[in-house]
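As provided, target05.tsv (TSV, C-alpha atoms and all ligand atoms) reads as follows.
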chain	number	residue	atom	x	y	z
A	1	MET	CA	-17.28	11.71	-34.43
A	2	ARG	CA	-17.04	12.32	-30.68
A	3	ASP	CA	-14.07	14.06	-29.24
A	4	VAL	CA	-12.24	11.38	-27.26
A	5	SER	CA	-9.43	12.99	-25.36
A	6	THR	CA	-7.03	11.96	-22.65
A	7	SER	CA	-4.89	13.79	-20.21
A	8	GLN	CA	-2.21	12.32	-18.00
A	9	ILE	CA	-0.28	13.21	-14.91
A	10	ARG	CA	2.24	11.51	-12.66
A	11	VAL	CA	2.69	11.84	-8.92
A	12	ARG	CA	5.69	10.65	-6.92
A	13	VAL	CA	5.22	10.31	-3.19
A	14	PRO	CA	7.73	9.49	-0.45
A	15	SER	CA	7.36	7.10	2.49
A	16	LYS	CA	7.50	8.17	6.14
A	17	ILE	CA	9.38	7.14	9.23
A	18	ASN	CA	8.76	8.10	12.86
A	19	LEU	CA	11.76	9.71	14.58
A	20	PHE	CA	9.78	9.63	17.82
A	21	LEU	CA	6.54	7.93	18.77
A	22	GLY	CA	5.03	8.20	22.24
A	23	VAL	CA	1.72	6.60	23.20
A	24	GLN	CA	-0.11	8.77	25.72
A	25	GLY	CA	-3.25	6.70	26.33
A	26	VAL	CA	-6.17	4.88	24.75
A	27	ARG	CA	-9.35	6.65	23.70
A	28	ASP	CA	-12.87	5.30	24.06
A	29	ASP	CA	-12.98	4.46	20.33
A	30	GLY	CA	-9.88	2.25	20.69
A	31	TYR	CA	-7.53	4.69	18.93
A	32	HIS	CA	-4.39	5.69	20.80
A	33	GLU	CA	-3.41	9.24	21.69
A	34	LEU	CA	0.04	9.83	20.23
A	35	VAL	CA	2.78	12.37	20.17
A	36	THR	CA	5.04	11.66	17.23
A	37	VAL	CA	7.65	13.22	14.98
A	38	LEU	CA	7.15	12.16	11.38
A	39	GLN	CA	9.57	12.60	8.50
A	40	THR	CA	9.40	11.64	4.83
A	41	VAL	CA	12.27	9.61	3.38
A	42	SER	CA	13.30	8.96	-0.21
A	43	ILE	CA	11.69	5.60	-0.92
A	44	HIS	CA	8.92	6.58	-3.31
A	45	ASP	CA	5.79	5.18	-4.89
A	46	THR	CA	4.72	6.51	-8.28
A	47	ILE	CA	1.16	6.76	-9.54
A	48	THR	CA	0.35	7.57	-13.15
A	49	LEU	CA	-3.18	8.88	-13.68
A	50	GLU	CA	-4.96	9.08	-17.01
A	51	LEU	CA	-8.32	10.68	-17.63
A	52	ALA	CA	-10.01	9.48	-20.80
A	53	GLY	CA	-13.44	9.76	-22.36
A	54	ALA	CA	-15.63	11.84	-24.59
A	55	GLY	CA	-14.86	15.53	-24.18
A	56	VAL	CA	-13.40	15.13	-20.73
A	57	SER	CA	-10.58	17.58	-21.19
A	58	VAL	CA	-12.78	20.36	-22.55
A	59	HIS	CA	-15.98	20.02	-20.59
A	60	PRO	CA	-16.18	19.33	-16.83
A	61	SER	CA	-19.76	18.03	-17.17
A	62	ALA	CA	-18.35	15.13	-19.20
A	63	ARG	CA	-16.64	14.01	-15.97
A	64	ARG	CA	-19.86	13.71	-13.96
A	65	PHE	CA	-20.09	9.99	-14.76
A	66	MET	CA	-16.78	8.55	-13.81
A	67	ARG	CA	-15.27	5.11	-13.50
A	68	VAL	CA	-12.00	4.66	-11.66
A	69	GLU	CA	-9.68	1.73	-12.41
A	70	LEU	CA	-6.51	0.70	-10.61
A	71	GLU	CA	-3.54	-1.36	-11.75
A	72	VAL	CA	-0.62	-2.24	-9.49
A	73	ASP	CA	2.93	-3.38	-10.12
A	74	GLY	CA	6.15	-3.40	-8.11
A	75	VAL	CA	6.54	-5.02	-4.69
A	76	GLY	CA	3.80	-7.52	-3.84
A	77	GLY	CA	1.06	-7.54	-1.24
A	78	VAL	CA	-0.96	-4.56	-2.45
A	79	PRO	CA	-4.70	-5.15	-2.84
A	80	ASP	CA	-6.18	-3.81	-6.09
A	81	ASP	CA	-9.77	-4.05	-4.88
A	82	ASP	CA	-11.88	-1.56	-2.93
A	83	SER	CA	-9.83	-2.04	0.23
A	84	ASN	CA	-6.99	-0.22	-1.51
A	85	LEU	CA	-6.59	3.26	-0.03
A	86	ILE	CA	-6.07	4.73	-3.51
A	87	LEU	CA	-9.59	3.71	-4.55
A	88	ARG	CA	-11.00	4.85	-1.21
A	89	ALA	CA	-9.29	8.24	-1.68
A	90	ALA	CA	-10.71	8.55	-5.21
A	91	ARG	CA	-14.20	7.64	-4.00
A	92	SER	CA	-14.07	10.16	-1.15
A	93	LEU	CA	-13.10	12.93	-3.56
A	94	MET	CA	-15.86	11.87	-5.97
A	95	GLY	CA	-18.32	11.98	-3.06
A	96	VAL	CA	-17.45	15.59	-2.28
A	97	LEU	CA	-17.58	16.59	-5.95
A	98	GLY	CA	-20.87	14.81	-6.60
A	99	VAL	CA	-19.20	12.71	-9.28
A	100	GLY	CA	-19.96	9.04	-9.76
A	101	GLY	CA	-21.97	6.38	-11.54
A	102	ASP	CA	-20.99	4.37	-14.54
A	103	GLN	CA	-23.21	5.82	-17.23
A	104	ASP	CA	-25.10	8.97	-18.12
A	105	ALA	CA	-28.86	8.78	-18.86
A	106	SER	CA	-28.31	8.44	-22.62
A	107	GLY	CA	-25.97	5.53	-22.04
A	108	ALA	CA	-23.18	7.55	-23.63
A	109	PRO	CA	-19.62	6.39	-23.04
A	110	ASN	CA	-18.50	7.73	-19.73
A	111	ALA	CA	-15.26	9.13	-18.46
A	112	VAL	CA	-12.70	6.82	-16.97
A	113	THR	CA	-9.73	7.60	-14.77
A	114	ARG	CA	-7.06	4.93	-14.86
A	115	LEU	CA	-4.51	4.84	-12.08
A	116	HIS	CA	-1.32	2.84	-12.30
A	117	LEU	CA	0.63	2.36	-9.09
A	118	THR	CA	4.29	1.41	-9.16
A	119	LYS	CA	5.00	0.28	-5.63
A	120	ARG	CA	8.44	0.66	-4.04
A	121	ILE	CA	7.39	1.47	-0.47
A	122	PRO	CA	7.23	-1.78	1.50
A	123	VAL	CA	3.69	-2.91	2.32
A	124	ALA	CA	2.39	-3.22	5.92
A	125	ALA	CA	5.84	-2.19	7.10
A	126	GLY	CA	5.39	0.94	9.21
A	127	MET	CA	6.31	3.35	6.39
A	128	ALA	CA	2.82	4.67	5.60
A	129	GLY	CA	2.88	3.31	2.05
A	130	GLY	CA	-0.91	3.08	1.75
A	131	SER	CA	-1.36	6.49	3.37
A	132	ALA	CA	1.21	8.05	1.02
A	133	ASP	CA	-0.64	6.61	-1.98
A	134	ALA	CA	-3.96	7.95	-0.68
A	135	ALA	CA	-2.52	11.44	-0.16
A	136	ALA	CA	-0.89	11.40	-3.60
A	137	THR	CA	-4.19	10.32	-5.16
A	138	LEU	CA	-6.08	13.21	-3.56
A	139	VAL	CA	-3.53	15.78	-4.75
A	140	ALA	CA	-3.24	14.34	-8.26
A	141	LEU	CA	-6.96	13.80	-8.89
A	142	ASN	CA	-7.74	17.29	-7.60
A	143	HIS	CA	-5.38	18.56	-10.30
A	144	LEU	CA	-6.33	16.15	-13.09
A	145	TRP	CA	-10.05	16.72	-12.62
A	146	GLY	CA	-9.61	20.49	-12.15
A	147	SER	CA	-11.63	20.20	-8.94
A	148	GLY	CA	-9.99	23.18	-7.25
A	149	LEU	CA	-10.41	21.88	-3.69
A	150	THR	CA	-8.27	23.75	-1.16
A	151	ARG	CA	-5.53	22.05	0.85
A	152	GLU	CA	-7.79	22.33	3.91
A	153	ALA	CA	-10.61	20.49	2.11
A	154	LEU	CA	-8.16	17.78	1.02
A	155	ARG	CA	-6.92	17.52	4.63
A	156	ASP	CA	-10.46	16.84	5.85
A	157	LEU	CA	-10.80	13.99	3.35
A	158	ALA	CA	-7.31	12.76	4.27
A	159	GLU	CA	-8.13	12.57	7.96
A	160	ASP	CA	-11.07	10.24	7.29
A	161	LEU	CA	-8.80	7.92	5.27
A	162	GLY	CA	-6.25	7.28	8.04
A	163	ALA	CA	-4.14	8.83	10.77
A	164	ASP	CA	-0.99	9.21	8.60
A	165	VAL	CA	-2.72	10.53	5.46
A	166	PRO	CA	-2.85	14.25	6.44
A	167	PHE	CA	0.92	14.25	7.09
A	168	CYS	CA	1.55	12.58	3.73
A	169	LEU	CA	-0.24	15.43	1.93
A	170	THR	CA	2.55	17.80	2.95
A	171	GLY	CA	5.51	15.62	3.90
A	172	GLY	CA	8.75	17.06	5.26
A	173	THR	CA	9.05	16.84	9.04
A	174	ALA	CA	6.11	17.33	11.38
A	175	LEU	CA	4.97	16.95	14.95
A	176	GLY	CA	1.82	14.82	15.09
A	177	THR	CA	-0.66	14.73	17.98
A	178	GLY	CA	-4.12	13.24	18.59
A	179	THR	CA	-4.25	10.05	16.55
A	180	GLY	CA	-1.25	11.39	14.65
A	181	ALA	CA	-3.51	13.14	12.14
A	182	ARG	CA	-3.12	16.62	13.63
A	183	THR	CA	0.26	17.82	12.37
A	184	VAL	CA	2.37	20.95	12.34
A	185	GLN	CA	5.56	21.32	10.36
A	186	VAL	CA	8.76	21.61	12.38
A	187	LEU	CA	12.04	23.30	11.52
A	188	THR	CA	14.91	21.07	10.46
A	189	ARG	CA	18.44	21.68	9.31
A	190	GLY	CA	20.41	19.41	6.98
A	191	ILE	CA	19.72	15.98	5.59
A	192	GLY	CA	19.77	12.69	7.46
A	193	TYR	CA	20.98	9.45	5.81
A	194	TRP	CA	19.05	6.37	6.80
A	195	VAL	CA	19.60	2.68	6.32
A	196	VAL	CA	16.18	1.10	5.95
A	197	GLY	CA	15.99	-2.58	6.84
A	198	ILE	CA	12.88	-4.21	5.38
A	199	SER	CA	11.45	-7.59	6.40
A	200	SER	CA	9.06	-9.19	3.95
A	201	GLU	CA	6.78	-10.56	6.68
A	202	PRO	CA	4.05	-7.92	7.11
A	203	LEU	CA	2.69	-6.62	10.43
A	204	SER	CA	-0.81	-5.26	10.83
A	205	THR	CA	-0.94	-1.85	12.56
A	206	PRO	CA	-4.11	-2.72	14.57
A	207	ASP	CA	-2.42	-5.93	15.81
A	208	VAL	CA	0.60	-3.96	17.03
A	209	PHE	CA	-1.56	-1.40	18.86
A	210	LYS	CA	-3.57	-4.25	20.39
A	211	ARG	CA	-0.40	-5.97	21.59
A	212	PHE	CA	0.77	-2.62	22.97
A	213	ASP	CA	-2.34	-2.61	25.18
A	214	ASP	CA	-1.10	-5.89	26.70
A	215	VAL	CA	2.65	-5.41	26.93
A	216	GLY	CA	3.29	-1.69	26.40
A	217	VAL	CA	4.19	0.97	28.92
A	218	LEU	CA	3.09	4.60	28.89
A	219	THR	CA	6.58	6.03	29.29
A	220	GLY	CA	5.40	9.64	29.25
A	221	TYR	CA	8.44	10.51	27.13
A	222	GLU	CA	8.21	13.75	25.14
A	223	PRO	CA	9.85	14.53	21.78
A	224	ASP	CA	11.71	17.67	22.92
A	225	VAL	CA	15.22	16.26	22.47
A	226	VAL	CA	14.38	14.89	19.00
A	227	LEU	CA	12.88	18.25	17.97
A	228	ALA	CA	15.97	20.13	19.21
A	229	ALA	CA	18.25	17.68	17.38
A	230	VAL	CA	16.49	18.03	14.00
A	231	ARG	CA	16.37	21.81	14.41
A	232	ALA	CA	20.12	21.91	15.06
A	233	GLY	CA	20.92	19.31	12.37
A	234	ASP	CA	22.78	17.34	15.07
A	235	VAL	CA	22.89	13.74	13.84
A	236	ASP	CA	24.61	12.39	16.96
A	237	ALA	CA	21.93	13.85	19.23
A	238	LEU	CA	19.19	12.61	16.89
A	239	GLY	CA	20.63	9.10	16.74
A	240	ALA	CA	20.76	8.93	20.54
A	241	SER	CA	17.21	10.24	21.02
A	242	LEU	CA	15.23	8.19	18.46
A	243	TRP	CA	12.38	6.57	20.37
A	244	ASN	CA	9.29	4.45	19.71
A	245	ASP	CA	6.93	3.32	22.50
A	246	LEU	CA	5.38	0.75	20.11
A	247	GLU	CA	8.68	-1.06	19.71
A	248	VAL	CA	8.07	-3.41	22.67
A	249	ALA	CA	4.83	-4.57	21.04
A	250	THR	CA	6.47	-5.03	17.64
A	251	PHE	CA	9.37	-7.00	19.17
A	252	ASP	CA	6.87	-9.10	21.11
A	253	LEU	CA	5.09	-10.04	17.86
A	254	MET	CA	8.36	-10.56	15.94
A	255	PRO	CA	11.11	-11.52	18.38
A	256	GLY	CA	13.76	-11.86	15.65
A	257	LEU	CA	13.59	-8.14	14.96
A	258	ARG	CA	15.52	-7.13	18.06
A	259	ARG	CA	18.59	-8.90	16.70
A	260	LYS	CA	18.12	-7.12	13.36
A	261	ARG	CA	17.98	-3.76	15.14
A	262	ASP	CA	21.15	-4.64	17.04
A	263	ALA	CA	22.89	-5.54	13.76
A	264	MET	CA	22.33	-1.95	12.56
A	265	LEU	CA	23.92	-0.57	15.75
A	266	LYS	CA	26.85	-2.99	15.52
A	267	ALA	CA	27.42	-1.90	11.92
A	268	GLY	CA	27.91	1.71	13.08
A	269	ALA	CA	24.46	3.34	13.10
A	270	LEU	CA	24.05	6.28	15.51
A	271	GLY	CA	20.62	4.96	16.48
A	272	ALA	CA	18.12	2.41	15.17
A	273	ILE	CA	14.41	1.90	15.86
A	274	VAL	CA	11.28	0.27	14.55
A	275	SER	CA	9.46	2.70	12.24
A	276	GLY	CA	5.82	3.21	13.25
A	277	SER	CA	4.25	-0.17	13.96
A	278	GLY	CA	7.06	-1.95	12.07
A	279	PRO	CA	8.54	-4.28	11.12
A	280	THR	CA	10.85	-1.92	9.19
A	281	ILE	CA	13.97	-0.91	11.12
A	282	VAL	CA	15.40	2.54	10.34
A	283	ALA	CA	18.96	3.35	11.31
A	284	LEU	CA	20.55	6.79	11.21
A	285	ALA	CA	24.03	6.91	9.70
A	286	PRO	CA	26.67	9.57	10.44
A	287	ASP	CA	26.78	10.53	6.73
A	288	ALA	CA	26.00	9.24	3.22
A	289	ARG	CA	29.16	7.12	2.88
A	290	ALA	CA	28.64	5.50	6.25
A	291	ALA	CA	25.06	4.72	5.26
A	292	VAL	CA	26.27	2.75	2.24
A	293	ARG	CA	28.83	0.93	4.40
A	294	ILE	CA	26.23	0.01	7.04
A	295	ALA	CA	23.79	-1.10	4.33
A	296	GLU	CA	26.42	-3.46	2.91
A	297	GLN	CA	27.07	-4.95	6.34
A	298	VAL	CA	23.41	-5.68	7.11
A	299	GLU	CA	22.54	-6.87	3.59
A	300	GLY	CA	22.14	-10.51	4.74
A	301	VAL	CA	20.18	-9.61	7.89
A	302	PHE	CA	17.10	-8.16	6.15
A	303	ASP	CA	15.06	-9.20	3.11
A	304	ARG	CA	15.72	-5.81	1.50
A	305	VAL	CA	17.98	-2.93	2.50
A	306	GLU	CA	17.78	0.62	1.12
A	307	VAL	CA	19.70	3.80	1.76
A	308	ALA	CA	17.38	6.79	1.91
A	309	PHE	CA	17.60	10.45	2.88
A	310	GLY	CA	15.16	12.58	4.77
A	311	PRO	CA	13.32	14.87	4.82
A	312	ALA	CA	12.14	14.06	1.30
A	313	GLY	CA	9.35	16.60	0.67
A	314	GLY	CA	5.80	15.59	-0.21
A	315	PRO	CA	3.83	14.42	-3.25
A	316	GLU	CA	5.28	15.87	-6.47
A	317	LEU	CA	3.20	16.24	-9.64
A	318	SER	CA	4.75	16.12	-13.07
A	319	ALA	CA	3.73	15.63	-16.68
A	320	THR	CA	4.16	12.06	-17.92
B	401	LIG	O1	-5.74	5.42	10.99
B	401	LIG	P1	-5.35	4.11	10.40
B	401	LIG	O2	-6.46	3.48	9.62
B	401	LIG	O3	-4.07	4.17	9.64
B	401	LIG	O4	-5.07	3.17	11.65
B	401	LIG	C1	-5.04	1.77	11.53
B	401	LIG	C2	-5.33	1.15	12.88
B	401	LIG	O5	-4.26	1.41	13.79
B	401	LIG	C3	-6.55	1.67	13.58
B	401	LIG	O6	-7.69	0.96	13.18
B	401	LIG	C4	-6.23	1.41	15.05
B	401	LIG	O7	-6.45	0.06	15.38
B	401	LIG	C5	-4.73	1.64	15.10
B	401	LIG	N1	-4.38	3.02	15.51
B	401	LIG	C6	-4.51	3.36	16.85
B	401	LIG	N2	-4.18	4.62	17.26
B	401	LIG	C7	-3.70	5.54	16.38
B	401	LIG	C8	-3.55	5.21	15.01
B	401	LIG	C9	-3.90	3.92	14.61
B	401	LIG	O8	-4.94	2.55	17.68
B	401	LIG	N3	-3.38	6.75	16.81
Would you mind giving the structure from this file in structure tokens?
Amino acid sequence: MRDVSTSQIRVRVPSKINLFLGVQGVRDDGYHELVTVLQTVSIHDTITLELAGAGVSVHPSARRFMRVELEVDGVGGVPDDDSNLILRAARSLMGVLGVGGDQDASGAPNAVTRLHLTKRIPVAAGMAGGSADAAATLVALNHLWGSGLTREALRDLAEDLGADVPFCLTGGTALGTGTGARTVQVLTRGIGYWVVGISSEPLSTPDVFKRFDDVGVLTGYEPDVVLAAVRAGDVDALGASLWNDLEVATFDLMPGLRRKRDAMLKAGALGAIVSGSGPTIVALAPDARAAVRIAEQVEGVFDRVEVAFGPAGGPELSAT
């Protein structure tokens, strides 16, 4: 009888918000030059990964022929076909490793990796949910398959998958430049408590950037004040300096959002902005208790409201 073995792993990955986002210009390829401060917050997706097949846990050659399957539950709107960034991340890793194909020459049963995504991060909401899942997939598959790729090699793959994916590999708080994919970690002190206001109507990131080209302004603002505020752990200064150049484009596409942002401020937030391309509104609270109070007050304004803290680290692997 053949040795049919399985091994399993779980990865939990946080979402991201932008504490600052400045658009500095448009490149020839249509991408926008950004300067941004990214931070992970504690709304997580979880992916469970299972490797099964004949001899897969004892012999790497048994993993040469690999099928990858994806199942999704949790909040709606996630594709489970090849447009899903999880499958694209898996395929890009397989490409580098020279792994692929459904069957070996003898037609022997091949290895299969099953991924199960439990989605909590809102979809098409400006919180890098797809990018977080892609980063988590790279880290987890590298471990599960014993591929031994370095962080730098994973970063190269991440960059090809999307501008936010390299940041999501590491998480924490970072300054992003270029398309946002070039990141360096920045020093922070303390924890920030955020009220996250989620609208179920999605917004497409390309649409928001396109609208920015029509209605946006290159403010030339720099993130210095935000960086000083996070370094000092000064929530008042951070609240007052949150900034997003894309906000005008997001508000133009979804006029009702401005009122929702104002509701956060009226409820006592120190500052409130659109996260990334939106439509999620993130509001900084003075402390944890105030965050709960603000969340209660804006409950009826949004489709879903969460209290989250940041920074929230990066992808975390654990046994299932
Ligand atoms: O990199 P990612 O696939 O996440 O980007 C999605 C879309 O957002 C891009 O196709 C582009 O239209 C827009 N984008 C941009 N400038 C950036 C990042 C994204 O124009 N710096």
* To do: Counting all atoms listed in the file, select every polymer residue within 12 Å of (23.1, 4.5, 18.8) as defined in the file's coordinates, and provide the selection as a PyMOL selection string.
  => chain A and resi 235-243+261-273+282-286
Report as a Markdown table the residues of chain A within 7 Å of ligand LIG 401 (chain B), each with its shortest atom pair and distance in Å (one decimal), using all atoms listed in the file, ordered by chain and increasing residue number.
| residue | atom | partner | partner_atom | distance |
| --- | --- | --- | --- | --- |
| A:Gly30 | CA | B:LIG401 | O8 | 5.8 |
| A:Tyr31 | CA | B:LIG401 | O8 | 3.6 |
| A:His32 | CA | B:LIG401 | N2 | 3.7 |
| A:Glu33 | CA | B:LIG401 | N3 | 5.5 |
| A:Leu34 | CA | B:LIG401 | N3 | 5.7 |
| A:Leu161 | CA | B:LIG401 | O2 | 6.6 |
| A:Gly162 | CA | B:LIG401 | O1 | 3.5 |
| A:Ala163 | CA | B:LIG401 | O1 | 3.8 |
| A:Asp164 | CA | B:LIG401 | O3 | 6.0 |
| A:Gly178 | CA | B:LIG401 | N3 | 6.8 |
| A:Thr179 | CA | B:LIG401 | N3 | 3.4 |
| A:Gly180 | CA | B:LIG401 | N3 | 5.5 |
| A:Thr205 | CA | B:LIG401 | O5 | 4.8 |
| A:Pro206 | CA | B:LIG401 | O7 | 3.7 |
| A:Phe209 | CA | B:LIG401 | O8 | 5.3 |
* Which residue, A:Pro279, A:Leu93, A:Gly197, A:Gly76, has the smallest gap to Ser147 in chain A when you use all atoms listed in the file? -> A:Leu93
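The coordinates place CA of Gly278 in chain A at 21.7 Å from CA of Thr118 in chain A.
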* Asked: Between CA of Ala308 in chain A and CA of Thr40 in chain A, what is the distance, to one decimal in Å?
  -> 9.8 Å
* To do: Provide the CA of Lys119 in chain A to CA of Asp45 in chain A distance in Å, to one decimal place.
  =>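 These atoms are spaced 5.0 Å apart.
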* **Nearest candidate to Asp252 in chain A (options A:Gly216, A:Gly22, A:Gly171, A:Gly190; using only C-alpha atoms)** =>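 Ranked by minimum distance to Asp252 in chain A, first place goes to A:Gly216.
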So that each row is one residue of range 131-223 of chain A with an atom at most 12 Å from range 66-69 of chain A, can you give its shortest atom pair and the distance in Å to one decimal, using all atoms listed in the file, rows by chain and rising number, as CSV?
residue,atom,partner,partner_atom,distance
A:Thr137,CA,A:Val68,CA,11.6
A:Leu141,CA,A:Val68,CA,10.8
A:Trp145,CA,A:Met66,CA,10.7
Writing out the chosen residues with C-alpha atoms as an mmCIF file, in the frame of the given file:
data_model
loop_
_atom_site.group_PDB
_atom_site.id
_atom_site.type_symbol
_atom_site.label_atom_id
_atom_site.label_comp_id
_atom_site.auth_asym_id
_atom_site.auth_seq_id
_atom_site.Cartn_x
_atom_site.Cartn_y
_atom_site.Cartn_z
ATOM 1 C CA THR A 137 -4.190 10.320 -5.160
ATOM 2 C CA LEU A 141 -6.960 13.800 -8.890
ATOM 3 C CA TRP A 145 -10.050 16.720 -12.620
#
